[in-house]
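Data from run_30.cif: mmCIF, C-alpha atoms
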```cif
data_entry
loop_
_atom_site.label_atom_id
_atom_site.label_comp_id
_atom_site.auth_asym_id
_atom_site.auth_seq_id
_atom_site.Cartn_x
_atom_site.Cartn_y
_atom_site.Cartn_z
CA MET A 1 75.40 90.93 137.03
CA LEU A 2 73.70 91.18 140.41
CA ALA A 3 77.09 90.96 142.16
CA THR A 4 78.46 93.70 139.89
CA VAL A 5 75.56 96.00 140.75
CA SER A 6 75.59 95.18 144.45
CA GLY A 7 79.33 95.80 144.71
CA ALA A 8 79.30 99.19 142.97
CA CYS A 9 80.46 102.03 145.23
CA GLU A 10 81.70 104.75 142.87
CA CYS A 11 80.35 104.08 139.38
CA LEU A 12 77.98 101.66 137.66
CA VAL A 13 77.65 101.40 133.89
CA ALA A 14 74.94 99.29 132.27
CA ALA A 15 74.97 99.03 128.49
CA GLY A 16 72.38 97.45 126.24
CA SER A 17 68.73 97.71 125.26
CA ARG A 18 67.64 94.14 125.95
CA PRO A 19 67.49 93.64 129.74
CA ARG A 20 64.23 92.15 130.88
CA ASP A 21 65.18 90.57 134.20
CA ALA A 22 63.09 92.53 136.71
CA ASP A 23 65.28 91.40 139.64
CA TYR A 24 68.41 92.83 138.00
CA LEU A 25 66.70 96.14 137.23
CA THR A 26 65.21 96.34 140.73
CA VAL A 27 68.63 95.79 142.31
CA ILE A 28 70.01 98.69 140.26
CA GLU A 29 67.20 100.90 141.55
CA ALA A 30 67.75 99.80 145.15
CA VAL A 31 71.51 100.36 145.00
CA LEU A 32 71.02 103.84 143.53
CA ALA A 33 68.47 104.68 146.23
CA GLU A 34 70.79 103.62 149.06
CA ARG A 35 73.98 105.13 147.58
CA PRO A 36 73.21 108.71 146.46
CA ALA A 37 76.83 109.38 145.40
CA LEU A 38 77.00 106.33 143.11
CA VAL A 39 77.30 107.59 139.54
CA HIS A 40 75.15 105.59 137.11
CA TYR A 41 75.29 105.41 133.32
CA ARG A 42 72.70 103.53 131.25
CA VAL A 43 73.48 103.49 127.56
CA LEU A 44 70.88 102.06 125.20
CA PHE A 45 71.70 100.87 121.70
CA GLY A 46 68.48 101.55 119.89
CA PRO A 47 65.16 101.59 121.72
CA PRO A 48 64.43 99.23 124.62
CA HIS A 49 63.39 95.75 123.58
CA HIS A 50 61.11 95.22 126.57
CA ARG A 51 58.67 97.44 128.46
CA VAL A 52 60.30 96.47 131.79
CA LEU A 53 63.46 98.35 130.72
CA ARG A 54 61.54 101.47 129.71
CA ASP A 55 59.67 101.36 133.03
CA HIS A 56 63.04 100.99 134.79
CA LEU A 57 64.32 104.14 133.09
CA LEU A 58 61.27 106.04 134.36
CA ARG A 59 61.90 104.77 137.90
CA LEU A 60 65.53 105.92 137.67
CA LEU A 61 64.27 109.40 136.82
CA GLU A 62 61.96 109.27 139.86
CA LEU A 63 64.97 108.39 142.04
CA ARG A 64 67.33 111.00 140.60
CA ASP A 65 67.25 114.13 138.51
CA PRO A 66 70.00 114.13 135.86
CA ALA A 67 70.23 117.93 136.24
CA ASP A 68 70.97 117.69 139.99
CA ARG A 69 74.51 118.62 140.98
CA SER A 70 73.94 118.85 144.75
CA LEU A 71 76.83 116.40 145.33
CA GLY A 72 79.06 118.39 142.98
CA ILE A 73 78.62 116.01 140.06
CA LYS A 74 75.92 114.55 137.86
CA THR A 75 74.99 111.10 139.20
CA LEU A 76 72.50 109.88 136.57
CA HIS A 77 73.36 109.62 132.89
CA LEU A 78 70.86 108.11 130.44
CA GLY A 79 71.59 108.02 126.73
CA ILE A 80 70.76 106.22 123.51
CA VAL A 81 73.01 105.37 120.59
CA GLU A 82 70.59 105.51 117.70
CA ASP A 83 72.85 104.43 114.83
CA THR A 84 73.23 100.74 115.58
CA LEU A 85 74.49 100.01 112.06
CA THR A 86 77.83 101.73 112.64
CA ALA A 87 77.80 101.34 116.44
CA PRO A 88 76.48 97.84 117.15
CA GLU A 89 74.88 97.08 120.48
CA ARG A 90 77.09 96.22 123.41
CA PHE A 91 75.99 94.34 126.49
CA PHE A 92 77.76 94.73 129.81
CA CYS A 93 77.41 95.81 133.38
CA ALA A 94 80.51 97.23 135.06
CA SER A 95 81.50 98.76 138.37
CA GLU A 96 84.91 99.71 139.70
CA GLN A 97 85.14 96.23 141.25
CA MET A 98 84.07 93.85 138.48
CA ALA A 99 82.12 93.50 135.25
CA ALA A 100 79.70 91.02 133.76
CA VAL A 101 79.36 90.57 130.02
CA PRO A 102 76.35 88.55 128.85
CA ILE A 103 76.95 86.19 125.95
CA PRO A 104 74.44 84.28 123.82
CA SER A 105 72.83 81.39 125.62
CA LEU A 106 74.60 78.08 125.62
CA THR A 107 71.23 76.29 125.55
CA SER A 108 68.71 78.54 123.74
CA ALA A 109 68.56 80.46 120.47
CA GLU A 110 66.88 83.56 121.95
CA ALA A 111 68.28 84.11 125.44
CA PHE A 112 71.36 85.83 126.83
CA ASP A 113 71.47 83.74 130.00
CA SER A 114 75.20 83.07 130.05
CA GLY A 115 78.05 85.43 130.71
CA VAL A 116 81.64 86.14 131.53
CA ALA A 117 82.80 87.76 134.78
CA LEU A 118 85.74 90.14 134.51
CA GLY A 119 88.05 91.48 137.22
CA THR A 120 88.97 94.98 138.31
CA ALA A 121 91.32 95.93 135.46
CA ALA A 122 88.89 94.99 132.69
CA ALA A 123 85.96 96.46 134.64
CA ARG A 124 87.64 99.86 134.88
CA LEU A 125 88.26 99.83 131.12
CA LEU A 126 84.59 99.02 130.52
CA LEU A 127 83.63 101.94 132.80
CA ASP A 128 85.66 104.22 130.54
CA HIS A 129 84.09 102.64 127.47
CA GLY A 130 80.62 103.27 128.91
CA ARG A 131 81.42 106.91 129.72
CA GLN A 132 82.75 107.50 126.22
CA THR A 133 79.74 105.81 124.65
CA TYR A 134 77.42 107.97 126.76
CA ALA A 135 79.34 111.08 125.67
CA ALA A 136 78.53 110.21 122.03
CA ALA A 137 74.90 109.24 122.76
CA ARG A 138 71.73 111.31 122.58
CA ARG A 139 70.55 112.17 126.09
CA VAL A 140 67.26 110.63 127.22
CA GLU A 141 66.96 112.29 130.60
CA SER A 142 63.36 113.37 131.06
CA PRO A 143 60.25 111.26 131.66
CA GLN A 144 58.81 112.59 128.39
CA GLN A 145 61.88 111.51 126.40
CA VAL A 146 61.77 108.05 127.97
CA ALA A 147 58.01 107.73 127.37
CA GLU A 148 58.60 108.52 123.69
CA LEU A 149 60.90 105.51 123.29
CA ALA A 150 59.15 102.78 121.32
CA VAL A 151 59.39 99.33 122.87
CA ILE A 152 60.48 96.80 120.23
CA ARG A 153 58.91 93.66 121.74
CA ASP A 154 55.88 95.11 123.42
CA GLN A 155 53.76 91.97 122.92
CA GLY A 156 50.65 93.89 121.88
CA ALA A 157 50.58 96.30 124.83
CA SER A 158 49.90 99.96 124.09
CA GLN A 159 53.01 102.12 124.00
#
```
Represent the supplied structure as C-alpha coordinates.
Amino acid sequence: MLATVSGACECLVAAGSRPRDADYLTVIEAVLAERPALVHYRVLFGPPHHRVLRDHLLRLLELRDPADRSLGIKTLHLGIVEDTLTAPERFFCASEQMAAVPIPSLTSAEAFDSGVALGTAAARLLLDHGRQTYAAARRVESPQQVAELAVIRDQGASQ
(Lines of atoms letter the chains of each structure in order from A and count residues from 1; the text may use other names and numbers.)
(Lines give C-alpha, C1' and ligand atoms only; values in the text may rest on other atoms or scores of the structure.)
Protein backbone atom coordinates (compact mmCIF):
# COMPACT_ATOMS: atom_id res chain seq x y z
CA MET A 1 0.00 0.00 0.00
CA LEU A 2 2.89 2.35 0.72
CA ALA A 3 4.27 1.75 -2.79
CA THR A 4 0.85 2.46 -4.29
CA VAL A 5 0.61 5.77 -2.42
CA SER A 6 4.20 6.77 -3.10
CA GLY A 7 3.86 6.06 -6.82
CA ALA A 8 0.65 8.04 -7.31
CA CYS A 9 1.06 10.97 -9.72
CA GLU A 10 -2.43 11.68 -11.07
CA CYS A 11 -4.99 10.02 -8.80
CA LEU A 12 -5.09 8.11 -5.52
CA VAL A 13 -8.17 6.30 -4.25
CA ALA A 14 -8.31 4.81 -0.76
CA ALA A 15 -11.43 2.87 0.17
CA GLY A 16 -12.38 1.49 3.55
CA SER A 17 -13.11 2.55 7.11
CA ARG A 18 -10.63 0.34 8.96
CA PRO A 19 -7.12 1.71 8.33
CA ARG A 20 -5.16 2.18 11.52
CA ASP A 21 -1.58 2.07 10.29
CA ALA A 22 -0.27 5.55 11.11
CA ASP A 23 2.67 5.18 8.68
CA TYR A 24 0.33 4.48 5.76
CA LEU A 25 -1.90 7.44 6.62
CA THR A 26 1.10 9.73 7.13
CA VAL A 27 2.51 8.78 3.72
CA ILE A 28 -0.82 9.72 2.12
CA GLU A 29 -0.65 13.12 3.82
CA ALA A 30 2.97 13.66 2.77
CA VAL A 31 2.31 12.71 -0.86
CA LEU A 32 -0.69 15.05 -1.02
CA ALA A 33 1.37 17.87 0.49
CA GLU A 34 4.19 17.47 -2.04
CA ARG A 35 1.94 16.89 -5.09
CA PRO A 36 -0.79 19.57 -5.10
CA ALA A 37 -2.28 18.34 -8.41
CA LEU A 38 -2.71 14.75 -7.18
CA VAL A 39 -6.44 14.04 -6.97
CA HIS A 40 -7.37 12.07 -3.84
CA TYR A 41 -10.53 10.15 -3.03
CA ARG A 42 -11.19 8.61 0.39
CA VAL A 43 -14.40 6.62 0.54
CA LEU A 44 -15.51 5.31 3.92
CA PHE A 45 -17.97 2.45 4.30
CA GLY A 46 -19.67 3.33 7.55
CA PRO A 47 -17.89 5.38 10.20
CA PRO A 48 -14.15 5.04 10.85
CA HIS A 49 -13.21 2.10 13.02
CA HIS A 50 -10.22 3.84 14.59
CA ARG A 51 -9.56 7.38 15.81
CA VAL A 52 -6.32 7.52 13.77
CA LEU A 53 -8.40 7.44 10.56
CA ARG A 54 -10.73 10.21 11.72
CA ASP A 55 -7.70 12.30 12.71
CA HIS A 56 -6.22 11.59 9.26
CA LEU A 57 -9.37 12.94 7.59
CA LEU A 58 -9.04 16.15 9.61
CA ARG A 59 -5.40 16.50 8.54
CA LEU A 60 -6.41 16.04 4.90
CA LEU A 61 -8.83 18.94 5.31
CA GLU A 62 -6.01 21.04 6.78
CA LEU A 63 -3.88 20.24 3.71
CA ARG A 64 -6.60 20.87 1.13
CA ASP A 65 -9.98 22.50 0.83
CA PRO A 66 -12.44 20.31 -1.12
CA ALA A 67 -14.05 23.51 -2.46
CA ASP A 68 -10.76 24.75 -3.97
CA ARG A 69 -10.62 24.70 -7.76
CA SER A 70 -7.46 26.80 -8.18
CA LEU A 71 -5.91 24.03 -10.33
CA GLY A 72 -9.09 23.80 -12.41
CA ILE A 73 -10.35 20.68 -10.65
CA LYS A 74 -11.32 19.46 -7.21
CA THR A 75 -8.36 17.58 -5.71
CA LEU A 76 -9.83 16.28 -2.43
CA HIS A 77 -12.92 14.08 -2.29
CA LEU A 78 -14.09 12.63 1.03
CA GLY A 79 -17.28 10.61 1.25
CA ILE A 80 -19.07 7.97 3.28
CA VAL A 81 -21.30 5.15 2.11
CA GLU A 82 -23.69 4.81 5.00
CA ASP A 83 -25.76 1.81 3.86
CA THR A 84 -23.26 -0.98 4.36
CA LEU A 85 -25.99 -3.64 4.21
CA THR A 86 -26.59 -3.16 0.49
CA ALA A 87 -23.13 -1.74 -0.27
CA PRO A 88 -20.66 -3.80 1.76
CA GLU A 89 -17.30 -2.33 2.68
CA ARG A 90 -14.50 -2.49 0.17
CA PHE A 91 -10.82 -2.23 0.99
CA PHE A 92 -8.29 -1.03 -1.54
CA CYS A 93 -5.75 1.60 -2.36
CA ALA A 94 -5.23 2.41 -6.04
CA SER A 95 -3.23 4.81 -8.17
CA GLU A 96 -2.80 4.97 -11.92
CA GLN A 97 0.29 2.76 -11.53
CA MET A 98 -0.82 -0.06 -9.22
CA ALA A 99 -3.28 -1.11 -6.55
CA ALA A 100 -3.14 -2.96 -3.26
CA VAL A 101 -6.10 -4.90 -1.94
CA PRO A 102 -5.88 -6.01 1.70
CA ILE A 103 -7.21 -9.46 2.48
CA PRO A 104 -7.90 -11.10 5.85
CA SER A 105 -4.78 -12.06 7.72
CA LEU A 106 -3.22 -15.39 6.98
CA THR A 107 -2.15 -15.68 10.64
CA SER A 108 -4.68 -13.77 12.79
CA ALA A 109 -8.46 -13.63 13.17
CA GLU A 110 -8.65 -9.84 13.52
CA ALA A 111 -6.02 -8.30 11.25
CA PHE A 112 -5.90 -7.36 7.58
CA ASP A 113 -2.13 -7.67 7.30
CA SER A 114 -1.99 -9.52 4.01
CA GLY A 115 -2.82 -8.31 0.54
CA VAL A 116 -2.71 -8.64 -3.19
CA ALA A 117 -0.81 -6.26 -5.48
CA LEU A 118 -2.45 -5.49 -8.82
CA GLY A 119 -0.95 -3.99 -11.98
CA THR A 120 -1.86 -0.96 -14.06
CA ALA A 121 -4.94 -2.33 -15.85
CA ALA A 122 -6.69 -3.48 -12.67
CA ALA A 123 -5.56 -0.35 -10.81
CA ARG A 124 -7.20 1.93 -13.37
CA LEU A 125 -10.44 -0.03 -13.05
CA LEU A 126 -10.31 0.35 -9.27
CA LEU A 127 -9.77 4.11 -9.72
CA ASP A 128 -13.01 4.22 -11.71
CA HIS A 129 -14.74 2.09 -9.08
CA GLY A 130 -13.59 4.50 -6.37
CA ARG A 131 -14.79 7.56 -8.31
CA GLN A 132 -18.19 5.97 -8.89
CA THR A 133 -18.48 4.95 -5.25
CA TYR A 134 -17.61 8.50 -4.18
CA ALA A 135 -20.26 9.85 -6.57
CA ALA A 136 -22.88 7.78 -4.73
CA ALA A 137 -21.53 8.61 -1.24
CA ARG A 138 -22.53 11.36 1.18
CA ARG A 139 -19.87 14.08 1.22
CA VAL A 140 -17.90 14.51 4.44
CA GLU A 141 -15.82 17.51 3.46
CA SER A 142 -15.73 19.88 6.41
CA PRO A 143 -13.94 19.55 9.75
CA GLN A 144 -17.33 19.66 11.50
CA GLN A 145 -18.69 16.78 9.40
CA VAL A 146 -15.58 14.71 10.10
CA ALA A 147 -15.68 15.52 13.83
CA GLU A 148 -19.28 14.28 13.92
CA LEU A 149 -18.26 10.81 12.71
CA ALA A 150 -18.44 8.32 15.55
CA VAL A 151 -15.38 6.12 15.93
CA ILE A 152 -16.42 2.47 16.23
CA ARG A 153 -13.43 1.15 18.21
CA ASP A 154 -12.52 4.18 20.24
CA GLN A 155 -11.22 2.16 23.20
CA GLY A 156 -12.89 4.36 25.81
CA ALA A 157 -11.57 7.69 24.52
CA SER A 158 -14.02 10.58 24.30
CA GLN A 159 -15.40 11.19 20.84
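As for CA of Ile73 (chain A) and CA of Cys9 (chain A), they are spaced 15.0 Å apart.
Proximity to Leu63 (chain A) at 9 Å, evaluated using only C-alpha atoms and with sequence-adjacent residues fewer than 5 positions away removed, yields Glu29, Leu32, Ala33 and Leu58 of chain A.
Closest approach to Gly72 (chain A) among A:Tyr24, A:Val39, A:Ala137, A:Ser105 is made by A:Val39 (distances from only C-alpha atoms).
Residue nearest Arg20 (chain A), chosen from A:Leu60, A:Val151, A:Val5, A:Val52 and counting all atoms listed in the file: A:Val52.
At a cut-off of 12 Å from (62.5, 87.9, 121.3), the residue set is A:Arg18, A:Pro19, A:Arg20, A:Pro48, A:His49, A:His50, A:Ser108, A:Ala109, A:Glu110, A:Ala111, A:Phe112, A:Val151, A:Ile152, A:Arg153, A:Asp154, A:Gln155 (counting only C-alpha atoms).
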### Query
Which polymer residues have any atom within 9 Å of an atom of Ala136 (chain A), counting only C-alpha atoms, with same-chain residues fewer than 2 positions away left out, as a PyMOL selection string?
chain A and resi 79-81+131-134+138
Residues in the PyMOL selection byres ((chain A and resi 125) around 12), expressed as a tab-separated table (two decimals) with C-alpha atoms, in the coordinates of the input:
```
chain	number	residue	atom	x	y	z
A	13	VAL	CA	77.65	101.40	133.89
A	92	PHE	CA	77.76	94.73	129.81
A	93	CYS	CA	77.41	95.81	133.38
A	94	ALA	CA	80.51	97.23	135.06
A	95	SER	CA	81.50	98.76	138.37
A	96	GLU	CA	84.91	99.71	139.70
A	97	GLN	CA	85.14	96.23	141.25
A	98	MET	CA	84.07	93.85	138.48
A	99	ALA	CA	82.12	93.50	135.25
A	118	LEU	CA	85.74	90.14	134.51
A	119	GLY	CA	88.05	91.48	137.22
A	120	THR	CA	88.97	94.98	138.31
A	121	ALA	CA	91.32	95.93	135.46
A	122	ALA	CA	88.89	94.99	132.69
A	123	ALA	CA	85.96	96.46	134.64
A	124	ARG	CA	87.64	99.86	134.88
A	126	LEU	CA	84.59	99.02	130.52
A	127	LEU	CA	83.63	101.94	132.80
A	128	ASP	CA	85.66	104.22	130.54
A	129	HIS	CA	84.09	102.64	127.47
A	130	GLY	CA	80.62	103.27	128.91
A	131	ARG	CA	81.42	106.91	129.72
A	132	GLN	CA	82.75	107.50	126.22
```
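Among A:Ile103, A:Asp21, A:Ala30, A:Ala67, the residue with the shortest atom-to-atom distance to Ser6 (chain A), counting only C-alpha atoms, is A:Ala30.
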Filled-in all heavy atoms of region 3-14 of chain A, supplied as an mmCIF file, in the frame of the given file:
```cif
data_model
loop_
_atom_site.group_PDB
_atom_site.id
_atom_site.type_symbol
_atom_site.label_atom_id
_atom_site.label_comp_id
_atom_site.auth_asym_id
_atom_site.auth_seq_id
_atom_site.Cartn_x
_atom_site.Cartn_y
_atom_site.Cartn_z
ATOM 1 N N ALA A 3 75.914 90.694 141.324
ATOM 2 C CA ALA A 3 77.090 90.960 142.160
ATOM 3 C C ALA A 3 77.792 92.237 141.711
ATOM 4 O O ALA A 3 78.274 93.010 142.542
ATOM 5 C CB ALA A 3 78.049 89.774 142.106
ATOM 6 N N THR A 4 77.843 92.478 140.410
ATOM 7 C CA THR A 4 78.460 93.700 139.890
ATOM 8 C C THR A 4 77.705 94.912 140.397
ATOM 9 O O THR A 4 78.303 95.876 140.889
ATOM 10 C CB THR A 4 78.492 93.683 138.350
ATOM 11 O OG1 THR A 4 79.245 92.550 137.916
ATOM 12 C CG2 THR A 4 79.116 94.947 137.797
ATOM 13 N N VAL A 5 76.388 94.876 140.300
ATOM 14 C CA VAL A 5 75.560 96.000 140.750
ATOM 15 C C VAL A 5 75.683 96.173 142.260
ATOM 16 O O VAL A 5 75.924 97.281 142.748
ATOM 17 C CB VAL A 5 74.078 95.784 140.343
ATOM 18 C CG1 VAL A 5 73.187 96.859 140.950
ATOM 19 C CG2 VAL A 5 73.937 95.760 138.824
ATOM 20 N N SER A 6 75.555 95.093 142.986
ATOM 21 C CA SER A 6 75.590 95.180 144.450
ATOM 22 C C SER A 6 76.931 95.676 144.983
ATOM 23 O O SER A 6 76.985 96.326 146.020
ATOM 24 C CB SER A 6 75.293 93.810 145.059
ATOM 25 O OG SER A 6 73.984 93.414 144.720
ATOM 26 N N GLY A 7 78.015 95.394 144.263
ATOM 27 C CA GLY A 7 79.330 95.800 144.710
ATOM 28 C C GLY A 7 79.754 97.194 144.276
ATOM 29 O O GLY A 7 80.813 97.674 144.672
ATOM 30 N N ALA A 8 78.938 97.857 143.482
ATOM 31 C CA ALA A 8 79.300 99.190 142.970
ATOM 32 C C ALA A 8 79.284 100.224 144.091
ATOM 33 O O ALA A 8 78.317 100.331 144.835
ATOM 34 C CB ALA A 8 78.347 99.604 141.866
ATOM 35 N N CYS A 9 80.363 100.977 144.211
ATOM 36 C CA CYS A 9 80.460 102.030 145.230
ATOM 37 C C CYS A 9 80.647 103.407 144.600
ATOM 38 O O CYS A 9 80.144 104.396 145.120
ATOM 39 C CB CYS A 9 81.629 101.761 146.160
ATOM 40 S SG CYS A 9 81.446 100.247 147.115
ATOM 41 N N GLU A 10 81.385 103.477 143.502
ATOM 42 C CA GLU A 10 81.700 104.750 142.870
ATOM 43 C C GLU A 10 80.931 104.966 141.574
ATOM 44 O O GLU A 10 80.382 106.036 141.341
ATOM 45 C CB GLU A 10 83.198 104.835 142.573
ATOM 46 C CG GLU A 10 84.078 104.732 143.798
ATOM 47 C CD GLU A 10 85.541 104.506 143.438
ATOM 48 O OE1 GLU A 10 85.924 104.759 142.276
ATOM 49 O OE2 GLU A 10 86.285 104.068 144.322
ATOM 50 N N CYS A 11 80.934 103.935 140.713
ATOM 51 C CA CYS A 11 80.350 104.080 139.380
ATOM 52 C C CYS A 11 79.757 102.760 138.922
ATOM 53 O O CYS A 11 80.328 101.694 139.186
ATOM 54 C CB CYS A 11 81.412 104.564 138.389
ATOM 55 S SG CYS A 11 80.773 104.969 136.753
ATOM 56 N N LEU A 12 78.646 102.830 138.226
ATOM 57 C CA LEU A 12 77.980 101.660 137.660
ATOM 58 C C LEU A 12 77.568 102.011 136.235
ATOM 59 O O LEU A 12 76.856 102.994 136.017
ATOM 60 C CB LEU A 12 76.749 101.277 138.481
ATOM 61 C CG LEU A 12 75.911 100.127 137.940
ATOM 62 C CD1 LEU A 12 76.695 98.814 137.976
ATOM 63 C CD2 LEU A 12 74.622 99.995 138.732
ATOM 64 N N VAL A 13 78.036 101.220 135.278
ATOM 65 C CA VAL A 13 77.650 101.400 133.890
ATOM 66 C C VAL A 13 76.888 100.162 133.443
ATOM 67 O O VAL A 13 77.352 99.034 133.649
ATOM 68 C CB VAL A 13 78.877 101.607 132.970
ATOM 69 C CG1 VAL A 13 78.459 101.636 131.509
ATOM 70 C CG2 VAL A 13 79.615 102.883 133.324
ATOM 71 N N ALA A 14 75.725 100.374 132.851
ATOM 72 C CA ALA A 14 74.940 99.290 132.270
ATOM 73 C C ALA A 14 74.693 99.649 130.814
ATOM 74 O O ALA A 14 74.149 100.710 130.514
ATOM 75 C CB ALA A 14 73.625 99.123 133.019
#
```
